[in-house]
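What follows is a single structure, written as structure tokens, with notes after it.
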2 protein chains.
Amino acid sequence: MLNQQMAALGNNRSTIRELFEYGNQRAAVVGRENVFDFSIGNPNVPAPDAVREAILAEAAGDPVALHGYTSAQGAADVRKTLADDLNRRFGTDYTGDSLYLTAGAAAALSCAFKAIACPGDEFVVLAPYFPEYLMFIERGAGAKAVIVPPSITDFQIDFDALEQALNEHTKAVVINSPNNPSGAVYSEQTIKQLAALLCEKEKQYGHPIYLVSDEPYREIVYDGVNVPFVPNYYDDTIVCYSYSKSLSLPGERIGYVLVPPQAADSADLYAAVCGAGRALGYVCAPSMFQRVTARCAGQTSDISIYQTNRDLLYDGLTGMGYSCVKPAGAFYLFPQTLEPDDRAFCERAKKYDLLVVPGADFGAPGHMRISYCVQTETIRRALPLFAELAKEYGKG
Amino acid sequence: MLNQQMAALGNNRSTIRELFEYGNQRAAVVGRENVFDFSIGNPNVPAPDAVREAILAEAAGDPVALHGYTSAQGAADVRKTLADDLNRRFGTDYTGDSLYLTAGAAAALSCAFKAIACPGDEFVVLAPYFPEYLMFIERGAGAKAVIVPPSITDFQIDFDALEQALNEHTKAVVINSPNNPSGAVYSEQTIKQLAALLCEKEKQYGHPIYLVSDEPYREIVYDGVNVPFVPNYYDDTIVCYSYSKSLSLPGERIGYVLVPPQAADSADLYAAVCGAGRALGYVCAPSMFQRVTARCAGQTSDISIYQTNRDLLYDGLTGMGYSCVKPAGAFYLFPQTLEPDDRAFCERAKKYDLLVVPGADFGAPGHMRISYCVQTETIRRALPLFAELAKEYGKG
């Protein structure tokens with residue numbers, strides 16, 4: 001009598017959430033410090049001081065204005081501030097009317113997908129991908145997800161495979177750079193080639209193919225790597241953003257959909273995003289954190305801690321014989337597992353209380369995702385355990 | 001190429017939102033104090049001081065814990081505190097595992113509806129109703145909404161009409177008491193009769209009929225009126241709650257779904273609510289306001305201000321010849337319009353910068369909704385204008 005798909009989604013938590021809960025249970029048994037939970041992408045670097053200052057400043061104001069409904073698309077002054085910040089950084093000329101504030105990237109993606117999905121539509125997802133995409137596309141928007149296998153040598157795009165996946169039913173291609181789980185940042189060359197391919201296919205099929213760019217890790221990059229701003233390369237881009245990672249506010253659920261005026265049917269597309277938000281029950285993004293993010297525009301948490309972690313973990317694991325594409329962004333390492341069956345490998349890792357996520361969950365079997373948004377000390381203490389695990393496979 | 005239903009939803013704002021935006025435009029022309037905006041249910045009574053104190057206390061803590069992801073169903077300690085508060089007030093024995101925290105009542109309803117909706121299902125909605133119900137049911141959950149006409153003499157339930165609306169496809173009945181827009185509070189007699197009817201129909205059709213009780217106004221009642229706690233009368237109840245009104249936090253998006261253990265298939269139902277939350281893109285309810293509401297459990301904003309407003313407006317309007325069922329709760333008056341065409345009447349009211357919402361939007365033509373969550377002074381100054389409007393119809 002219930003919706004069995006929903007019951008199944010609720011009963012079968014994602015592997016990441018399962019591991020996270022398992023870690024909490026193990027912590028109760030062996031002590032929190034002895035569980036090496038690399039499962040979840042919950043930033044461990046605190047929000048910058050500016051966030052607390054913004055909260056205190058807002059809390060001192062009129063509570064009716066602060067906690068009241070905003071317009072469904074977000075407070076006009078907040079949207080203007082965030083648009084100005086984008087313009088300053090990326091040379092664009094957006095107004096606040098290009099932004100629809102959301103309860104984080106998950107809401108942004110859900111609204112964007114539902115805004116454009118029509119019966120029979122296909123959404124192309126590039127592996128490795130954030131697994132919840134498939135749910136938002138299939139269960140949320142009622143469209144079909146088509147998966148393109150990964151280019152495991154560099155985690156850029158396998159363009160031959162992508163081209164095979166495109167057809168007249170393709171409504172959108174979903175990208176995520178810096179990438180969860182690989183940490184790869186698409187190069188300007190990759191984005192240009194992608195834009196050229198999609199332009200060609202738009203002409204061939206005679207309709208827009210939207211490029212949904214999910215970029216919560218936009219600012220989490222290392223060694224000064226450049227993250228191309230996708231709408232500057234391809235008009236029919238929809239950006240989904242979240243402050244979860246850049247400001248370490250994942251629980252607060254604050255982000256946006258950007259519908260650039262250059263995108264096809266821009267005004268109707270923006271309206272459809274608003275309409276999808278209504279249909280999904282999003283009344284407005286949380287009002288206080290709308291204002292907090294505006295006050296913190298352009299700031300980030302201390303990224304250098306993640307870089308320290310990345311270097312320590314990457315150097316440590318590759319030194320013991322793990323094979324890994326060096327990530328340029330996000331806070332994940334995505335090495336190959338030491339046996340082809342990544343689920344078996346990750347189960348074996350649990351013996352050492354090392355909690356890592358099988359790559360198969362991200363459409364890239366034979367890998368594991370290690371979230372290094374943890375205390376540096378945790379990585380230091382985990383490395384000998386990764387070494388012991390490697391020894392089981394004759395490595396190190 | 002877009003989803004045209006979503007574009008239409010975005011382009012055609014609700015009448016309430018239209019009036020709200022119109023009011024903002026008029027305010028720029030004639031001054032805010034000369035626009036009598038009774039359109040939107042945005043609480044004007046500030047959040048209690050406890051909210052600010054809770055924000056400051058939380059902001060002084062560890063930002064990683066405060067702003068981090070919680071479990072998808074909400075932080076365990078917050079859920080326990082809120083369950084304990086319900087137990088204390090209603091003699092129930094819920095644990096935190098009966099609660100799924102949400103981004104407000106709209107999210108709660110969206111998750112509840114999607115959790116139980118199967119193809120071909122019907123959801124019975126009693127007029128007058130909050131208009132977004134129809135969207136959450138039809139556009140969000142893909143089910144059919146069946147509307148029962150109002151009992152305009154008292155805004156309790158027309159049980160003959162309800163019985164006619166029930167059939168083997170009925171999955172749920174949606175109620176809202178204290179009611180938006182009528183302000184009616186269902187009596188214990190009404191709830192008992194409803195429970196008896198639904199029990200009988202469950203037996204007749206051989207499957208559960210859920211009673212979705214949307215109760216964001218539960219604490220906003222006057223003259224000591226009793227609001228029966230629905231799960232204590234009917235096992236297959238799902239409660240959707242929001243702190244938007246009771247704590248004056250509508251922009252913050254915080255509320256819950258309560259799945260009582262007595263409800264049919266309770267464990268699977270709870271799982272399906274969680275699954276629906278996942279599918280709709282809700283990752284967790286905003287983390288800081290989860291904690292703030294726990295700290296404020298059992299408190300409310302100063303309801304006496306609404307009572308003052310109700311009395312002033314009710315006495316004033318009925319004294320000029322408007323006909324109105326006296327509301328016992330919420331912060332809306334729902335008088336009959338002075339001509340049968342409520343839209344024409346509300347348009348005419350705009351001449352006086354009186355912004356009221358046509359009853360037809362709530363499934364009760366021939367009425368108007370007046371939100372009295374405004375400054376008392378606004379009501380005082382608006383009454384002569386309502387009198388002038390009445391004179392146009394030969395009243396007063």
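In the structure tokens, each chain is lettered A, B, ... as it comes, each chain's residues begin at 1, and ligands are numbered from 1 in order of appearance.
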
Handout entry: Spatial neighbours of Ile379 of chain A, 12 Å, only C-alpha atoms, chain gap at least 2 places, as a VMD selection string
Key = chain A and resid 33 to 38 306 308 to 317 354 370 to 377 381 to 386

Preceding selection exported with N, CA and C atoms as an mmCIF file, in the first residue's frame:
data_model
loop_
_atom_site.group_PDB
_atom_site.id
_atom_site.type_symbol
_atom_site.label_atom_id
_atom_site.label_comp_id
_atom_site.auth_asym_id
_atom_site.auth_seq_id
_atom_site.Cartn_x
_atom_site.Cartn_y
_atom_site.Cartn_z
ATOM 1 N N GLU A 33 38.431 7.453 18.387
ATOM 2 C CA GLU A 33 39.755 7.697 17.805
ATOM 3 C C GLU A 33 40.307 6.468 17.083
ATOM 4 N N ASN A 34 39.682 5.333 17.295
ATOM 5 C CA ASN A 34 40.158 4.109 16.651
ATOM 6 C C ASN A 34 39.327 3.692 15.446
ATOM 7 N N VAL A 35 38.388 4.538 15.072
ATOM 8 C CA VAL A 35 37.617 4.296 13.846
ATOM 9 C C VAL A 35 38.104 5.301 12.810
ATOM 10 N N PHE A 36 38.571 4.785 11.689
ATOM 11 C CA PHE A 36 39.137 5.642 10.649
ATOM 12 C C PHE A 36 38.083 5.791 9.566
ATOM 13 N N ASP A 37 37.180 6.728 9.829
ATOM 14 C CA ASP A 37 36.006 6.865 8.980
ATOM 15 C C ASP A 37 36.306 7.825 7.841
ATOM 16 N N PHE A 38 36.589 7.225 6.688
ATOM 17 C CA PHE A 38 36.840 8.016 5.477
ATOM 18 C C PHE A 38 35.633 7.944 4.544
ATOM 19 N N TYR A 306 43.035 20.767 3.773
ATOM 20 C CA TYR A 306 42.743 19.653 2.868
ATOM 21 C C TYR A 306 43.958 19.326 2.003
ATOM 22 N N THR A 308 47.111 19.665 2.823
ATOM 23 C CA THR A 308 48.013 18.891 3.682
ATOM 24 C C THR A 308 47.576 17.429 3.720
ATOM 25 N N ASN A 309 46.267 17.235 3.907
ATOM 26 C CA ASN A 309 45.733 15.878 3.994
ATOM 27 C C ASN A 309 45.918 15.123 2.687
ATOM 28 N N ARG A 310 45.626 15.814 1.591
ATOM 29 C CA ARG A 310 45.758 15.155 0.297
ATOM 30 C C ARG A 310 47.191 14.687 0.087
ATOM 31 N N ASP A 311 48.155 15.587 0.345
ATOM 32 C CA ASP A 311 49.555 15.251 0.090
ATOM 33 C C ASP A 311 50.007 14.080 0.958
ATOM 34 N N LEU A 312 49.630 14.131 2.223
ATOM 35 C CA LEU A 312 50.012 13.068 3.147
ATOM 36 C C LEU A 312 49.452 11.730 2.706
ATOM 37 N N LEU A 313 48.198 11.733 2.342
ATOM 38 C CA LEU A 313 47.512 10.485 1.987
ATOM 39 C C LEU A 313 47.984 9.978 0.624
ATOM 40 N N TYR A 314 48.087 10.894 -0.331
ATOM 41 C CA TYR A 314 48.508 10.494 -1.677
ATOM 42 C C TYR A 314 49.936 9.933 -1.650
ATOM 43 N N ASP A 315 50.834 10.676 -1.007
ATOM 44 C CA ASP A 315 52.228 10.225 -0.944
ATOM 45 C C ASP A 315 52.322 8.912 -0.179
ATOM 46 N N GLY A 316 51.590 8.829 0.926
ATOM 47 C CA GLY A 316 51.636 7.619 1.748
ATOM 48 C C GLY A 316 51.160 6.404 0.981
ATOM 49 N N LEU A 317 49.984 6.508 0.365
ATOM 50 C CA LEU A 317 49.394 5.338 -0.288
ATOM 51 C C LEU A 317 50.170 4.942 -1.539
ATOM 52 N N LEU A 354 39.149 0.666 8.920
ATOM 53 C CA LEU A 354 39.296 1.642 7.839
ATOM 54 C C LEU A 354 37.997 1.641 7.038
ATOM 55 N N ILE A 370 38.276 7.567 -0.678
ATOM 56 C CA ILE A 370 38.756 7.914 0.657
ATOM 57 C C ILE A 370 38.511 9.410 0.850
ATOM 58 N N SER A 371 37.580 9.751 1.725
ATOM 59 C CA SER A 371 37.322 11.172 2.021
ATOM 60 C C SER A 371 38.371 11.650 2.998
ATOM 61 N N TYR A 372 39.150 12.634 2.591
ATOM 62 C CA TYR A 372 40.193 13.094 3.514
ATOM 63 C C TYR A 372 39.839 14.413 4.197
ATOM 64 N N CYS A 373 38.539 14.674 4.331
ATOM 65 C CA CYS A 373 38.096 15.804 5.144
ATOM 66 C C CYS A 373 37.991 15.315 6.588
ATOM 67 N N VAL A 374 39.155 14.933 7.110
ATOM 68 C CA VAL A 374 39.261 14.391 8.475
ATOM 69 C C VAL A 374 40.459 15.069 9.139
ATOM 70 N N GLN A 375 40.634 14.827 10.410
ATOM 71 C CA GLN A 375 41.810 15.344 11.099
ATOM 72 C C GLN A 375 43.081 14.770 10.449
ATOM 73 N N THR A 376 44.089 15.615 10.276
ATOM 74 C CA THR A 376 45.347 15.160 9.688
ATOM 75 C C THR A 376 45.927 14.000 10.504
ATOM 76 N N GLU A 377 45.757 14.090 11.810
ATOM 77 C CA GLU A 377 46.236 13.044 12.700
ATOM 78 C C GLU A 377 45.571 11.685 12.394
ATOM 79 N N ARG A 381 47.624 8.294 11.511
ATOM 80 C CA ARG A 381 47.472 7.042 12.254
ATOM 81 C C ARG A 381 46.873 5.939 11.384
ATOM 82 N N ALA A 382 46.197 6.307 10.320
ATOM 83 C CA ALA A 382 45.589 5.297 9.449
ATOM 84 C C ALA A 382 46.595 4.709 8.467
ATOM 85 N N LEU A 383 47.621 5.484 8.133
ATOM 86 C CA LEU A 383 48.536 5.028 7.076
ATOM 87 C C LEU A 383 49.164 3.659 7.387
ATOM 88 N N PRO A 384 49.623 3.416 8.636
ATOM 89 C CA PRO A 384 50.172 2.075 8.920
ATOM 90 C C PRO A 384 49.138 0.970 8.714
ATOM 91 N N LEU A 385 47.874 1.299 8.918
ATOM 92 C CA LEU A 385 46.823 0.294 8.725
ATOM 93 C C LEU A 385 46.615 0.032 7.230
ATOM 94 N N PHE A 386 46.649 1.101 6.427
ATOM 95 C CA PHE A 386 46.585 0.909 4.968
ATOM 96 C C PHE A 386 47.782 0.061 4.510
#

Exercise for the section: Could you list the residues in chain B lying within 6 Å of chain A, using only C-alpha atoms, and format the result as an MDAnalysis selection string? Expected result: chainID B and resid 2:3 6:7 9:11 46 63:64 67:69 106:107 110 115:118 135:136 139:140 249:253 268 271:272 274:276 279:281 286:287

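Compared by their closest atoms to Val292 of chain B, and using only C-alpha atoms, the residues B:Tyr22, B:Thr190, B:Ala360, B:Val78 rank with B:Val78 nearest.
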
Practice task
Choose the residue, out of B:Leu82, B:Leu99, B:Leu389, B:Val225, that has the smallest atom-to-atom separation from Ala112 of chain B; count only C-alpha atoms.
Solution key: B:Leu99

Handout entry: Which residue of B:Thr237, B:Thr318, B:Ser39, B:Ser304 approaches Tyr222 of chain B most closely, using only C-alpha atoms
Key = B:Ser304

Exercise for the section: Quick one: pick out all strand (DSSP E or B) residues within segment 184-341 of chain B from a backbone DSSP run and write them as JSON, numbers by chain. Expected result: {"B": [210, 211, 212, 213, 214, 221, 237, 238, 239, 240, 241, 242, 255, 256, 257, 258, 329, 332, 333, 336]}

Exercise for the section: Go through segment 15-250 of chain B and collect every residue that DSSP, computed from the backbone, puts in alpha helix (DSSP H); the answer should be as a ChimeraX atom specification. Expected result: /B:15-30,49-59,63-67,76-90,104-116,132-135,159-165,188-205

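The protein and nucleic acid residues lying at most 10 Å from Val221 of chain B are Pro178, Gly183, Ala184, Val185, Tyr217, Val225, Asn226, Val227, Ile303, Ser304, Tyr306, Gln307, Pro327, Ala328, Gly329, Ala330 and Phe331 of chain B, with only C-alpha atoms considered and sequence neighbours fewer than 4 positions away removed.
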
Practice task
Please measure the separation of atom CA of Ala387 of chain A and atom CA of Gly363 of chain A, giving the value in Å to one decimal.
Solution key: 26.1 Å

Name all residues at most 12 Å from Gln156 of chain B (count only C-alpha atoms; drop same-chain ones fewer than 5 positions away) and give them as a CSV table (one decimal) with all heavy atoms, in the first residue's frame.
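Output below, filename selection28.csv:
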chain,number,residue,atom,x,y,z
B,126,LEU,N,-10.1,18.4,2.0
B,126,LEU,CA,-11.4,19.0,2.5
B,126,LEU,C,-11.3,20.5,2.3
B,126,LEU,O,-10.4,21.2,2.8
B,126,LEU,CB,-11.6,18.7,4.0
B,126,LEU,CG,-11.6,17.2,4.3
B,126,LEU,CD1,-11.8,17.1,5.8
B,126,LEU,CD2,-12.7,16.5,3.6
B,127,ALA,N,-12.2,21.1,1.5
B,127,ALA,CA,-12.2,22.6,1.4
B,127,ALA,C,-12.8,23.2,2.7
B,127,ALA,O,-13.7,22.6,3.3
B,127,ALA,CB,-13.1,22.9,0.2
B,128,PRO,N,-12.4,24.4,3.0
B,128,PRO,CA,-11.3,25.1,2.4
B,128,PRO,C,-10.0,24.6,2.7
B,128,PRO,O,-9.7,24.2,3.9
B,128,PRO,CB,-11.5,26.6,3.0
B,128,PRO,CG,-12.1,26.4,4.3
B,128,PRO,CD,-13.0,25.1,4.2
B,148,VAL,N,-13.5,17.8,-1.4
B,148,VAL,CA,-14.8,17.8,-0.7
B,148,VAL,C,-15.2,19.2,-0.4
B,148,VAL,O,-14.4,20.0,0.2
B,148,VAL,CB,-14.7,17.0,0.6
B,148,VAL,CG1,-16.0,17.1,1.4
B,148,VAL,CG2,-14.3,15.5,0.3
B,149,PRO,N,-16.4,19.6,-0.8
B,149,PRO,CA,-16.8,21.0,-0.6
B,149,PRO,C,-16.9,21.4,0.8
B,149,PRO,O,-17.1,20.5,1.7
B,149,PRO,CB,-18.1,21.1,-1.4
B,149,PRO,CG,-18.5,19.7,-1.7
B,149,PRO,CD,-17.4,18.8,-1.6
B,150,PRO,N,-16.8,22.6,1.1
B,150,PRO,CA,-16.8,23.1,2.5
B,150,PRO,C,-18.2,23.0,3.2
B,150,PRO,O,-19.2,23.1,2.5
B,150,PRO,CB,-16.3,24.5,2.5
B,150,PRO,CG,-16.7,25.0,1.1
B,150,PRO,CD,-16.7,23.8,0.2
B,151,SER,N,-18.2,22.9,4.5
B,151,SER,CA,-19.4,23.1,5.3
B,151,SER,C,-19.3,24.6,5.8
B,151,SER,O,-18.7,24.9,6.8
B,151,SER,CB,-19.3,22.2,6.5
B,151,SER,OG,-20.3,22.5,7.4
B,161,ALA,N,-20.7,14.6,2.2
B,161,ALA,CA,-19.9,14.9,1.1
B,161,ALA,C,-18.6,14.1,1.2
B,161,ALA,O,-18.1,13.6,0.1
B,161,ALA,CB,-19.6,16.4,1.0
B,162,LEU,N,-18.0,14.0,2.3
B,162,LEU,CA,-16.8,13.3,2.5
B,162,LEU,C,-17.0,11.8,2.2
B,162,LEU,O,-16.2,11.2,1.4
B,162,LEU,CB,-16.2,13.4,3.9
B,162,LEU,CG,-15.0,12.5,4.3
B,162,LEU,CD1,-13.8,12.8,3.4
B,162,LEU,CD2,-14.6,12.7,5.8
B,175,ILE,N,-6.3,16.7,6.3
B,175,ILE,CA,-7.0,17.7,7.1
B,175,ILE,C,-6.0,18.7,7.7
B,175,ILE,O,-4.8,18.5,7.7
B,175,ILE,CB,-7.7,17.1,8.3
B,175,ILE,CG1,-6.8,16.3,9.3
B,175,ILE,CG2,-8.8,16.2,7.8
B,175,ILE,CD1,-7.5,15.9,10.6
B,176,ASN,N,-6.5,19.9,8.1
B,176,ASN,CA,-5.7,21.0,8.5
B,176,ASN,C,-6.5,21.8,9.5
B,176,ASN,O,-7.4,22.5,9.2
B,176,ASN,CB,-5.4,21.9,7.3
B,176,ASN,CG,-4.7,23.2,7.6
B,176,ASN,OD1,-5.0,24.2,7.0
B,176,ASN,ND2,-3.7,23.1,8.5
B,177,SER,N,-6.2,21.5,10.8
B,177,SER,CA,-6.9,22.1,11.9
B,177,SER,C,-5.9,22.4,13.0
B,177,SER,O,-5.2,21.5,13.4
B,177,SER,CB,-8.0,21.1,12.4
B,177,SER,OG,-8.5,21.5,13.7
B,178,PRO,N,-5.9,23.6,13.5
B,178,PRO,CA,-6.6,24.8,13.0
B,178,PRO,C,-6.4,25.1,11.6
B,178,PRO,O,-5.3,24.9,11.1
B,178,PRO,CB,-6.0,25.9,13.9
B,178,PRO,CG,-5.4,25.2,15.1
B,178,PRO,CD,-5.0,23.9,14.6
B,179,ASN,N,-7.4,25.6,10.9
B,179,ASN,CA,-7.5,25.6,9.5
B,179,ASN,C,-7.0,26.9,8.9
B,179,ASN,O,-7.4,28.0,9.3
B,179,ASN,CB,-8.9,25.3,9.0
B,179,ASN,CG,-9.0,25.2,7.5
B,179,ASN,OD1,-9.5,26.2,6.8
B,179,ASN,ND2,-8.7,24.1,6.9
B,182,SER,N,-9.8,29.1,7.1
B,182,SER,CA,-11.1,29.4,7.8
B,182,SER,C,-10.8,29.8,9.3
B,182,SER,O,-11.6,30.4,9.9
B,182,SER,CB,-12.1,28.3,7.7
B,182,SER,OG,-11.7,27.2,8.5
B,183,GLY,N,-9.7,29.3,9.8
B,183,GLY,CA,-9.4,29.5,11.3
B,183,GLY,C,-10.2,28.5,12.1
B,183,GLY,O,-10.1,28.5,13.4
B,184,ALA,N,-11.0,27.6,11.5
B,184,ALA,CA,-11.8,26.7,12.3
B,184,ALA,C,-10.9,25.7,12.9
B,184,ALA,O,-9.8,25.3,12.4
B,184,ALA,CB,-12.8,26.0,11.4
B,185,VAL,N,-11.2,25.2,14.1
B,185,VAL,CA,-10.6,24.1,14.8
B,185,VAL,C,-11.6,23.0,14.9
B,185,VAL,O,-12.7,23.1,15.4
B,185,VAL,CB,-10.2,24.6,16.3
B,185,VAL,CG1,-9.5,23.4,17.0
B,185,VAL,CG2,-9.2,25.7,16.2
B,186,TYR,N,-11.2,21.8,14.3
B,186,TYR,CA,-12.0,20.7,14.4
B,186,TYR,C,-12.3,20.3,15.8
B,186,TYR,O,-11.3,20.1,16.6
B,186,TYR,CB,-11.4,19.5,13.6
B,186,TYR,CG,-11.5,19.6,12.1
B,186,TYR,CD1,-10.8,18.7,11.3
B,186,TYR,CD2,-12.3,20.6,11.5
B,186,TYR,CE1,-10.8,18.8,9.9
B,186,TYR,CE2,-12.3,20.7,10.1
B,186,TYR,CZ,-11.6,19.8,9.3
B,186,TYR,OH,-11.6,19.9,8.0
B,187,SER,N,-13.5,20.1,16.2
B,187,SER,CA,-13.9,19.7,17.5
B,187,SER,C,-13.6,18.3,17.8
B,187,SER,O,-13.3,17.5,16.8
B,187,SER,CB,-15.4,19.9,17.7
B,187,SER,OG,-16.1,19.0,16.9
B,188,GLU,N,-13.5,17.8,19.0
B,188,GLU,CA,-13.3,16.4,19.3
B,188,GLU,C,-14.4,15.6,18.7
B,188,GLU,O,-14.1,14.5,18.1
B,188,GLU,CB,-13.3,16.2,20.8
B,188,GLU,CG,-12.9,14.8,21.2
B,188,GLU,CD,-12.7,14.6,22.7
B,188,GLU,OE1,-13.4,15.3,23.5
B,188,GLU,OE2,-11.9,13.8,23.1
B,189,GLN,N,-15.6,16.1,18.6
B,189,GLN,CA,-16.7,15.4,18.0
B,189,GLN,C,-16.4,15.2,16.5
B,189,GLN,O,-16.6,14.1,16.0
B,189,GLN,CB,-18.0,16.2,18.2
B,189,GLN,CG,-19.2,15.8,17.4
B,189,GLN,CD,-19.6,14.3,17.6
B,189,GLN,OE1,-19.3,13.7,18.7
B,189,GLN,NE2,-20.1,13.6,16.6
B,190,THR,N,-15.9,16.2,15.9
B,190,THR,CA,-15.6,16.1,14.4
B,190,THR,C,-14.5,15.0,14.2
B,190,THR,O,-14.6,14.2,13.3
B,190,THR,CB,-15.1,17.4,13.9
B,190,THR,OG1,-16.2,18.3,13.9
B,190,THR,CG2,-14.6,17.3,12.4
B,191,ILE,N,-13.5,15.1,15.0
B,191,ILE,CA,-12.3,14.1,14.9
B,191,ILE,C,-12.8,12.7,15.2
B,191,ILE,O,-12.5,11.8,14.4
B,191,ILE,CB,-11.2,14.5,15.8
B,191,ILE,CG1,-10.6,15.9,15.4
B,191,ILE,CG2,-10.1,13.5,15.8
B,191,ILE,CD1,-9.9,16.0,14.1
B,193,GLN,N,-15.9,11.5,14.8
B,193,GLN,CA,-16.7,11.1,13.7
B,193,GLN,C,-15.9,10.7,12.5
B,193,GLN,O,-16.2,9.8,11.8
B,193,GLN,CB,-17.7,12.2,13.4
B,193,GLN,CG,-18.9,11.7,12.5
B,193,GLN,CD,-20.0,12.8,12.4
B,193,GLN,OE1,-20.0,13.8,13.1
B,193,GLN,NE2,-20.8,12.6,11.4
B,194,LEU,N,-14.9,11.5,12.2
B,194,LEU,CA,-14.0,11.3,11.1
B,194,LEU,C,-13.2,10.0,11.3
B,194,LEU,O,-13.1,9.1,10.4
B,194,LEU,CB,-12.9,12.4,11.0
B,194,LEU,CG,-11.9,12.3,9.9
B,194,LEU,CD1,-12.5,12.2,8.5
B,194,LEU,CD2,-10.9,13.5,10.0
B,325,VAL,N,-17.8,33.2,10.1
B,325,VAL,CA,-17.6,32.2,11.2
B,325,VAL,C,-16.5,32.6,12.0
B,325,VAL,O,-15.4,32.8,11.5
B,325,VAL,CB,-17.4,30.8,10.6
B,325,VAL,CG1,-17.2,29.7,11.7
B,325,VAL,CG2,-18.6,30.3,9.7
B,327,PRO,N,-13.3,32.5,13.9
B,327,PRO,CA,-12.2,31.5,14.0
B,327,PRO,C,-11.7,31.3,15.4
B,327,PRO,O,-11.6,32.2,16.2
B,327,PRO,CB,-11.1,32.2,13.1
B,327,PRO,CG,-11.4,33.7,13.2
B,327,PRO,CD,-12.9,33.8,13.4
B,328,ALA,N,-11.4,30.1,15.7
B,328,ALA,CA,-10.9,29.7,17.0
B,328,ALA,C,-9.4,29.5,17.0
B,328,ALA,O,-8.8,29.3,18.0
B,328,ALA,CB,-11.6,28.4,17.5

Problem - Residues within 9 Å of His367 of chain A, only C-alpha atoms, excluding chain neighbours under 6 positions, as a VMD selection string - result: chain A and resid 334 to 338 340 to 342 357 to 360

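Atom pair atom CA of Pro365 of chain A / atom CA of Val124 of chain A has a distance of 18.7 Å (rounded to one decimal).
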